[in-house]
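Source file: target.cif. Holds: mmCIF, C-alpha atoms.
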data_data
loop_
_atom_site.group_PDB
_atom_site.id
_atom_site.type_symbol
_atom_site.label_atom_id
_atom_site.label_comp_id
_atom_site.auth_asym_id
_atom_site.auth_seq_id
_atom_site.Cartn_x
_atom_site.Cartn_y
_atom_site.Cartn_z
ATOM 1 C CA MET S 2 43.385 -20.084 -21.060
ATOM 2 C CA SER S 3 44.128 -16.813 -22.798
ATOM 3 C CA LEU S 4 43.251 -13.377 -21.490
ATOM 4 C CA VAL S 5 40.649 -13.009 -24.248
ATOM 5 C CA GLY S 6 38.932 -16.224 -23.068
ATOM 6 C CA PHE S 7 38.705 -14.943 -19.494
ATOM 7 C CA PHE S 8 37.297 -11.664 -20.811
ATOM 8 C CA PHE S 9 34.462 -13.428 -22.714
ATOM 9 C CA ILE S 10 33.636 -15.602 -19.680
ATOM 10 C CA PHE S 11 33.477 -12.474 -17.557
ATOM 11 C CA LEU S 12 31.048 -10.852 -20.042
ATOM 12 C CA LEU S 13 28.799 -13.935 -20.333
ATOM 13 C CA LEU S 14 28.677 -14.673 -16.584
ATOM 14 C CA PRO S 15 25.717 -12.319 -15.862
ATOM 15 C CA LEU S 16 23.706 -14.036 -18.627
ATOM 16 C CA VAL S 17 24.048 -17.540 -17.207
ATOM 17 C CA THR S 18 23.853 -16.613 -13.509
ATOM 18 C CA PRO S 19 21.106 -14.005 -13.103
ATOM 19 C CA GLU S 20 21.206 -11.728 -10.105
ATOM 20 C CA CYS S 21 18.980 -12.288 -7.135
ATOM 21 C CA PRO S 22 15.730 -10.365 -7.763
ATOM 22 C CA HIS S 23 15.135 -7.373 -5.523
ATOM 23 C CA PRO S 24 14.139 -7.389 -2.644
ATOM 24 C CA CYS S 25 14.704 -11.133 -2.220
ATOM 25 C CA ARG S 26 17.682 -12.972 -0.717
ATOM 26 C CA CYS S 27 19.271 -15.888 -2.543
ATOM 27 C CA ALA S 28 21.486 -18.784 -1.494
ATOM 28 C CA ALA S 29 22.330 -21.706 -3.773
ATOM 29 C CA ASN S 30 18.992 -22.667 -5.398
ATOM 30 C CA ILE S 31 16.805 -21.044 -2.744
ATOM 31 C CA VAL S 32 15.108 -17.681 -3.294
ATOM 32 C CA ASP S 33 13.823 -16.105 -0.088
ATOM 33 C CA CYS S 34 11.307 -13.274 -0.597
ATOM 34 C CA MET S 35 9.597 -13.926 2.743
ATOM 35 C CA SER S 36 8.314 -10.848 4.631
ATOM 36 C CA SER S 37 9.641 -8.500 1.952
ATOM 37 C CA ASP S 38 6.463 -6.380 1.682
ATOM 38 C CA LEU S 39 5.893 -7.704 -1.825
ATOM 39 C CA THR S 40 2.744 -6.498 -3.566
ATOM 40 C CA ASP S 41 1.158 -7.526 -6.861
ATOM 41 C CA ASP S 42 3.067 -4.752 -8.630
ATOM 42 C CA GLY S 43 6.361 -5.447 -6.841
ATOM 43 C CA ILE S 44 6.691 -9.225 -7.208
ATOM 44 C CA PRO S 45 9.684 -10.257 -9.391
ATOM 45 C CA LEU S 46 8.546 -11.393 -12.826
ATOM 46 C CA SER S 47 11.277 -14.012 -13.230
ATOM 47 C CA PHE S 48 13.503 -16.234 -11.142
ATOM 48 C CA SER S 49 16.558 -18.340 -11.918
ATOM 49 C CA SER S 50 15.613 -21.558 -13.700
ATOM 50 C CA SER S 51 17.656 -23.458 -11.092
ATOM 51 C CA THR S 52 15.397 -22.306 -8.250
ATOM 52 C CA SER S 53 14.277 -25.278 -6.175
ATOM 53 C CA LYS S 54 12.585 -23.494 -3.273
ATOM 54 C CA LEU S 55 10.808 -20.165 -3.379
ATOM 55 C CA TYR S 56 9.617 -18.324 -0.293
ATOM 56 C CA LEU S 57 6.822 -15.826 -0.998
ATOM 57 C CA ASN S 58 5.052 -16.107 2.359
ATOM 58 C CA ASN S 59 4.023 -13.243 4.622
ATOM 59 C CA ASN S 60 3.695 -10.580 1.956
ATOM 60 C CA TYR S 61 0.798 -8.633 0.413
ATOM 61 C CA LEU S 62 0.194 -10.721 -2.702
ATOM 62 C CA THR S 63 -3.387 -11.170 -3.895
ATOM 63 C CA PHE S 64 -2.513 -13.291 -6.961
ATOM 64 C CA ILE S 65 0.433 -14.812 -8.840
ATOM 65 C CA PRO S 66 1.180 -13.434 -12.343
ATOM 66 C CA LYS S 67 0.268 -15.921 -15.041
ATOM 67 C CA GLY S 68 3.169 -18.164 -16.042
ATOM 68 C CA LEU S 69 5.495 -17.122 -13.203
ATOM 69 C CA PHE S 70 6.315 -20.711 -12.171
ATOM 70 C CA ASP S 71 6.204 -22.282 -15.650
ATOM 71 C CA ASN S 72 9.905 -21.833 -16.462
ATOM 72 C CA LEU S 73 11.215 -23.254 -13.189
ATOM 73 C CA PRO S 74 11.796 -26.963 -13.933
ATOM 74 C CA ASN S 75 13.673 -27.590 -10.661
ATOM 75 C CA LEU S 76 11.034 -26.000 -8.450
ATOM 76 C CA GLN S 77 10.133 -28.344 -5.579
ATOM 77 C CA ALA S 78 8.142 -26.078 -3.266
ATOM 78 C CA VAL S 79 6.727 -22.572 -3.074
ATOM 79 C CA TYR S 80 5.796 -21.165 0.320
ATOM 80 C CA LEU S 81 2.702 -19.000 -0.093
ATOM 81 C CA ARG S 82 0.954 -18.732 3.276
ATOM 82 C CA GLY S 83 0.365 -15.388 4.948
ATOM 83 C CA ASN S 84 -0.773 -13.507 1.849
ATOM 84 C CA PRO S 85 -4.224 -11.901 1.359
ATOM 85 C CA TRP S 86 -5.171 -14.036 -1.652
ATOM 86 C CA GLU S 87 -8.067 -12.611 -3.651
ATOM 87 C CA CYS S 88 -10.011 -15.533 -5.111
ATOM 88 C CA THR S 89 -11.336 -13.887 -8.249
ATOM 89 C CA CYS S 90 -10.360 -14.411 -11.896
ATOM 90 C CA ASN S 91 -6.700 -13.563 -11.261
ATOM 91 C CA ILE S 92 -6.298 -16.534 -8.901
ATOM 92 C CA LEU S 93 -7.040 -19.115 -11.629
ATOM 93 C CA TYR S 94 -3.374 -19.522 -12.586
ATOM 94 C CA LEU S 95 -2.263 -20.165 -8.996
ATOM 95 C CA ARG S 96 -5.143 -22.611 -8.435
ATOM 96 C CA SER S 97 -4.236 -24.504 -11.610
ATOM 97 C CA TRP S 98 -0.552 -24.657 -10.635
ATOM 98 C CA LEU S 99 -1.400 -25.883 -7.121
ATOM 99 C CA GLN S 100 -3.615 -28.638 -8.487
ATOM 100 C CA TRP S 101 -0.708 -29.976 -10.553
ATOM 101 C CA GLN S 102 1.492 -30.369 -7.465
ATOM 102 C CA GLU S 103 2.003 -33.876 -6.113
ATOM 103 C CA ASN S 104 2.116 -32.845 -2.452
ATOM 104 C CA ARG S 105 -1.055 -30.784 -2.102
ATOM 105 C CA THR S 106 -0.931 -31.006 1.695
ATOM 106 C CA LEU S 107 1.961 -28.532 1.586
ATOM 107 C CA TYR S 108 -0.499 -25.887 0.365
ATOM 108 C CA ARG S 109 -3.383 -26.360 2.798
ATOM 109 C CA ASP S 110 -2.556 -23.046 4.439
ATOM 110 C CA VAL S 111 -2.923 -21.136 1.149
ATOM 111 C CA VAL S 112 -6.458 -19.810 1.628
ATOM 112 C CA CYS S 113 -8.707 -17.065 0.264
ATOM 113 C CA SER S 114 -9.000 -13.743 2.057
ATOM 114 C CA THR S 115 -11.638 -12.350 -0.289
ATOM 115 C CA PRO S 116 -14.394 -12.394 -1.526
ATOM 116 C CA ALA S 117 -16.404 -12.922 1.655
ATOM 117 C CA HIS S 118 -18.194 -16.098 0.508
ATOM 118 C CA LEU S 119 -14.845 -17.813 -0.191
ATOM 119 C CA GLN S 120 -12.931 -16.483 2.801
ATOM 120 C CA GLY S 121 -10.890 -19.210 4.513
ATOM 121 C CA ARG S 122 -11.323 -21.697 1.652
ATOM 122 C CA ILE S 123 -8.230 -23.608 0.493
ATOM 123 C CA ILE S 124 -7.379 -22.365 -2.996
ATOM 124 C CA THR S 125 -6.282 -25.810 -4.205
ATOM 125 C CA TYR S 126 -9.758 -27.237 -3.662
ATOM 126 C CA LEU S 127 -11.789 -24.408 -5.155
ATOM 127 C CA SER S 128 -13.827 -25.315 -8.204
ATOM 128 C CA GLU S 129 -13.462 -23.217 -11.321
ATOM 129 C CA ASP S 130 -17.193 -22.445 -11.245
ATOM 130 C CA GLU S 131 -16.896 -20.909 -7.776
ATOM 131 C CA ILE S 132 -14.161 -18.570 -8.927
ATOM 132 C CA ILE S 133 -15.761 -17.688 -12.256
ATOM 133 C CA SER S 134 -19.118 -16.950 -10.598
ATOM 134 C CA GLY S 135 -17.336 -14.370 -8.483
ATOM 135 C CA CYS S 136 -15.738 -12.949 -11.601
ATOM 136 C CA GLN S 137 -19.106 -12.702 -13.323
ATOM 137 C CA SER S 138 -20.638 -10.839 -10.387
ATOM 138 C CA TRP S 139 -17.659 -8.485 -10.439
ATOM 139 C CA TYR S 140 -18.118 -7.909 -14.163
ATOM 140 C CA CYS S 141 -21.830 -7.344 -13.637
ATOM 141 C CA GLY S 142 -21.049 -4.764 -10.978
ATOM 142 C CA MET S 143 -18.620 -3.033 -13.315
ATOM 143 C CA ALA S 144 -21.173 -3.124 -16.117
ATOM 144 C CA LEU S 145 -23.769 -1.534 -13.828
ATOM 145 C CA VAL S 146 -21.337 1.222 -12.815
ATOM 146 C CA ALA S 147 -20.485 1.803 -16.489
ATOM 147 C CA GLN S 148 -24.185 2.078 -17.394
ATOM 148 C CA ILE S 149 -24.810 4.545 -14.562
ATOM 149 C CA CYS S 150 -21.811 6.644 -15.665
ATOM 150 C CA LEU S 151 -23.072 6.564 -19.258
ATOM 151 C CA PHE S 152 -26.553 7.654 -18.154
ATOM 152 C CA ILE S 153 -25.084 10.553 -16.129
ATOM 153 C CA PHE S 154 -22.916 11.549 -19.101
ATOM 154 C CA ILE S 155 -25.913 11.564 -21.463
ATOM 155 C CA LEU S 156 -27.965 13.513 -18.900
ATOM 156 C CA VAL S 157 -25.229 16.149 -18.562
ATOM 157 C CA GLN S 158 -24.971 16.384 -22.355
ATOM 158 C CA ALA S 159 -28.754 16.858 -22.610
ATOM 159 C CA ILE S 160 -28.687 19.603 -19.960
ATOM 160 C CA LEU S 161 -25.830 21.369 -21.764
ATOM 161 C CA LEU S 162 -27.716 21.107 -25.064
ATOM 162 C CA LEU S 163 -30.844 22.628 -23.473
ATOM 163 C CA LEU S 164 -28.738 25.465 -22.018
ATOM 164 C CA VAL S 165 -27.199 26.142 -25.440
ATOM 165 C CA VAL S 166 -30.661 26.213 -27.083
ATOM 166 C CA PHE S 167 -31.971 28.483 -24.298
ATOM 167 C CA TYR S 168 -29.137 30.984 -24.690
ATOM 168 C CA ILE S 169 -29.417 30.940 -28.499
ATOM 169 C CA CYS S 170 -33.146 31.705 -28.240
ATOM 170 C CA ARG S 171 -32.449 34.417 -25.675
ATOM 171 C CA PHE S 172 -29.753 35.928 -27.889
ATOM 172 C CA GLN S 173 -32.131 35.893 -30.878
ATOM 173 C CA ARG S 174 -34.800 37.600 -28.750
ATOM 174 C CA ILE S 175 -32.343 40.260 -27.616
ATOM 175 C CA ALA S 176 -31.157 40.749 -31.202
ATOM 176 C CA MET S 177 -34.752 41.148 -32.423
ATOM 177 C CA GLU S 178 -35.499 43.681 -29.677
ATOM 178 C CA ALA S 179 -32.333 45.594 -30.522
ATOM 179 C CA ARG S 180 -33.263 45.589 -34.213
ATOM 180 C CA ARG S 181 -36.785 46.782 -33.382
ATOM 181 C CA THR S 182 -35.405 49.548 -31.179
ATOM 182 C CA MET S 183 -33.026 50.655 -33.915
ATOM 183 C CA VAL S 184 -35.881 50.769 -36.431
ATOM 184 C CA GLU S 185 -37.965 52.820 -34.013
ATOM 185 C CA VAL S 186 -35.049 55.176 -33.383
ATOM 186 C CA TYR S 187 -34.506 55.628 -37.121
ATOM 187 C CA GLU S 188 -38.226 56.150 -37.666
ATOM 188 C CA ASN S 189 -38.461 58.657 -34.803
ATOM 189 C CA THR S 190 -35.324 60.392 -36.041
ATOM 190 C CA GLY S 191 -36.853 60.651 -39.506
ATOM 191 C CA LEU S 192 -40.091 62.098 -38.099
ATOM 192 C CA TRP S 193 -38.139 64.558 -35.982
ATOM 193 C CA GLU S 194 -36.110 65.660 -38.999
ATOM 194 C CA SER S 195 -39.302 66.109 -41.008
ATOM 195 C CA ALA S 196 -40.919 68.163 -38.275
ATOM 196 C CA ARG S 197 -37.819 70.364 -37.953
ATOM 197 C CA LYS S 198 -37.750 71.005 -41.678
ATOM 198 C CA ASN S 199 -41.447 71.871 -41.656
ATOM 199 C CA SER S 200 -40.996 74.338 -38.814
ATOM 200 C CA ILE S 201 -38.090 76.016 -40.620
ATOM 201 C CA ASP S 202 -40.123 76.339 -43.813
#
What does this structure look like when you write it as C-alpha cells?
Amino acid sequence: MSLVGFFFIFLLLPLVTPECPHPCRCAANIVDCMSSDLTDDGIPLSFSSSTSKLYLNNNYLTFIPKGLFDNLPNLQAVYLRGNPWECTCNILYLRSWLQWQENRTLYRDVVCSTPAHLQGRIITYLSEDEIISGCQSWYCGMALVAQICLFIFILVQAILLLLVVFYICRFQRIAMEARRTMVEVYENTGLWESARKNSID
C-alpha cells in the first residue's frame, strides 16, 4: 500500500473508532463509567455503536437523556443501580427503554429515589399515569409559584405607580406655592415701590 493510502487511513481512523468518552474507561466493546461521579450534565451524550455493555452504576444520575441508547444496536446490558433516579417526566425515556428489554430481571435494582410516594419502586414496572401525575403536580406547583410571582410583580408596579402619582402631586403643590409666593413678592414689591414714590413726591 502506498504512503498516501496509509496517510488517509490514519486520518479516517478517529472517525471509525471514536475515543472513549470522558471520564469512562473502555476495553473492547465495554464502556465502564461506574463510580465516575457522573451527573445529569456530565453524562456522555454518545457511545460507540459497538458498545455491548455499559456501566453507569454508582453515580449521581437522576435520568437518562432521551435517545441515548437508541443508536447502540449491539447493546446487551446497561448497569444502572446505585443512582438517585428521579421518577418524574424525565424518567419516561428510561422506563420505556427498560420495558423493551427481554431480561427485565436484570433491572430490578433500578428504583426511584424521588418523589416520596414512588421511592423504592422499580422503574420498569411504573405505570405512565403514576409518572405523569407526579409531573402534573410539579407543573401545578410551578404554575402556583409563577402566579404568586406575577401577583407580587403587579403589586410592586402598583406601589411604584402610586409613589409616582404622589410625588407628581407634591411637586405640583410645591410649584403652585412657589408661584403664589412669587406673585405675592411681586405684588408687595410693586406696593413698596409705589409707597416709596409717593413719599418722595
Checklist line | Close residues, Asn30 in chain S itself excluded, 10 Å, only C-alpha atoms, min 4 positions apart in chain, as a VMD selection string | finding: chain S and resid 49 to 55 75 to 76
Next item on the list: Can you turn the PyMOL selection byres ((chain S and resi 26) around 12) into a concrete residue list for this file, as a PyMOL selection string?
Entry: chain S and resi 20-25+27-37+48+54-57
Next item on the list: Given the file shown, determine the residues that the PyMOL selection byres ((chain S and resi 70) around 10) selects; report them as JSON, numbers by chain.
Entry: {"S": [46, 47, 48, 50, 55, 65, 66, 67, 68, 69, 71, 72, 73, 74, 76, 79, 94, 95, 98]}
Could the residues in this selection be saved with C-alpha atoms as a tab-separated table (two decimals), keeping the file's coordinate frame?
chain	number	residue	atom	x	y	z
S	46	LEU	CA	8.55	-11.39	-12.83
S	47	SER	CA	11.28	-14.01	-13.23
S	48	PHE	CA	13.50	-16.23	-11.14
S	50	SER	CA	15.61	-21.56	-13.70
S	55	LEU	CA	10.81	-20.16	-3.38
S	65	ILE	CA	0.43	-14.81	-8.84
S	66	PRO	CA	1.18	-13.43	-12.34
S	67	LYS	CA	0.27	-15.92	-15.04
S	68	GLY	CA	3.17	-18.16	-16.04
S	69	LEU	CA	5.50	-17.12	-13.20
S	71	ASP	CA	6.20	-22.28	-15.65
S	72	ASN	CA	9.90	-21.83	-16.46
S	73	LEU	CA	11.22	-23.25	-13.19
S	74	PRO	CA	11.80	-26.96	-13.93
S	76	LEU	CA	11.03	-26.00	-8.45
S	79	VAL	CA	6.73	-22.57	-3.07
S	94	TYR	CA	-3.37	-19.52	-12.59
S	95	LEU	CA	-2.26	-20.16	-9.00
S	98	TRP	CA	-0.55	-24.66	-10.64
Exactly which residues make up the result of the PyMOL selection byres ((chain S and resi 40) around 9) on this file, given as a compact mmCIF listing (two decimals) with C-alpha atoms, in the coordinates of the input?
# COMPACT_ATOMS: atom_id res chain seq x y z
CA ASP S 38 6.46 -6.38 1.68
CA LEU S 39 5.89 -7.70 -1.82
CA ASP S 41 1.16 -7.53 -6.86
CA ASP S 42 3.07 -4.75 -8.63
CA GLY S 43 6.36 -5.45 -6.84
CA ILE S 44 6.69 -9.22 -7.21
CA ASN S 60 3.70 -10.58 1.96
CA TYR S 61 0.80 -8.63 0.41
CA LEU S 62 0.19 -10.72 -2.70
CA THR S 63 -3.39 -11.17 -3.90
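One finds CA of Leu164 in chain S at 25.5 Å from CA of Arg181 in chain S.
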Note to self: Taking 4 positions as the minimum chain separation for residues in the same chain, which residues sit within 12 Å of Ala117 in chain S when counting all atoms listed in the file? Answer as a list in words.
What the structure shows: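 Returned residues: Trp86, Glu87, Cys88, Thr89, Cys113, Gly121, Arg122 and Gly135 of chain S.
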Please put the answer as JSON: centre and edge lengths, in Å with one decimal, of a box along x, y and z that encloses all listed atoms of range 164-180 of chain S plus 8 Å on each side.
{"center_x": -31.3, "center_y": 35.5, "center_z": -28.1, "size_x": 24.3, "size_y": 36.1, "size_z": 28.2}
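Between CA of Gln158 in chain S and CA of Val146 in chain S the interatomic distance comes to 18.3 Å.
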Next item on the list: With a distance cut-off of 9 Å and only C-alpha atoms, select the neighbouring residues of Leu119 in chain S, excluding the residue or stretch itself and same-chain residues fewer than 5 positions from it, and output the selection as a PyMOL selection string.
Entry: chain S and resi 88+112-114+127+131-132
Notebook entry, point to check: How far is it from CA of Pro116 in chain S to CA of Ile153 in chain S, in Å with one decimal?
Noted result: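 Pair CA of Pro116 in chain S / CA of Ile153 in chain S returns 29.2 Å.
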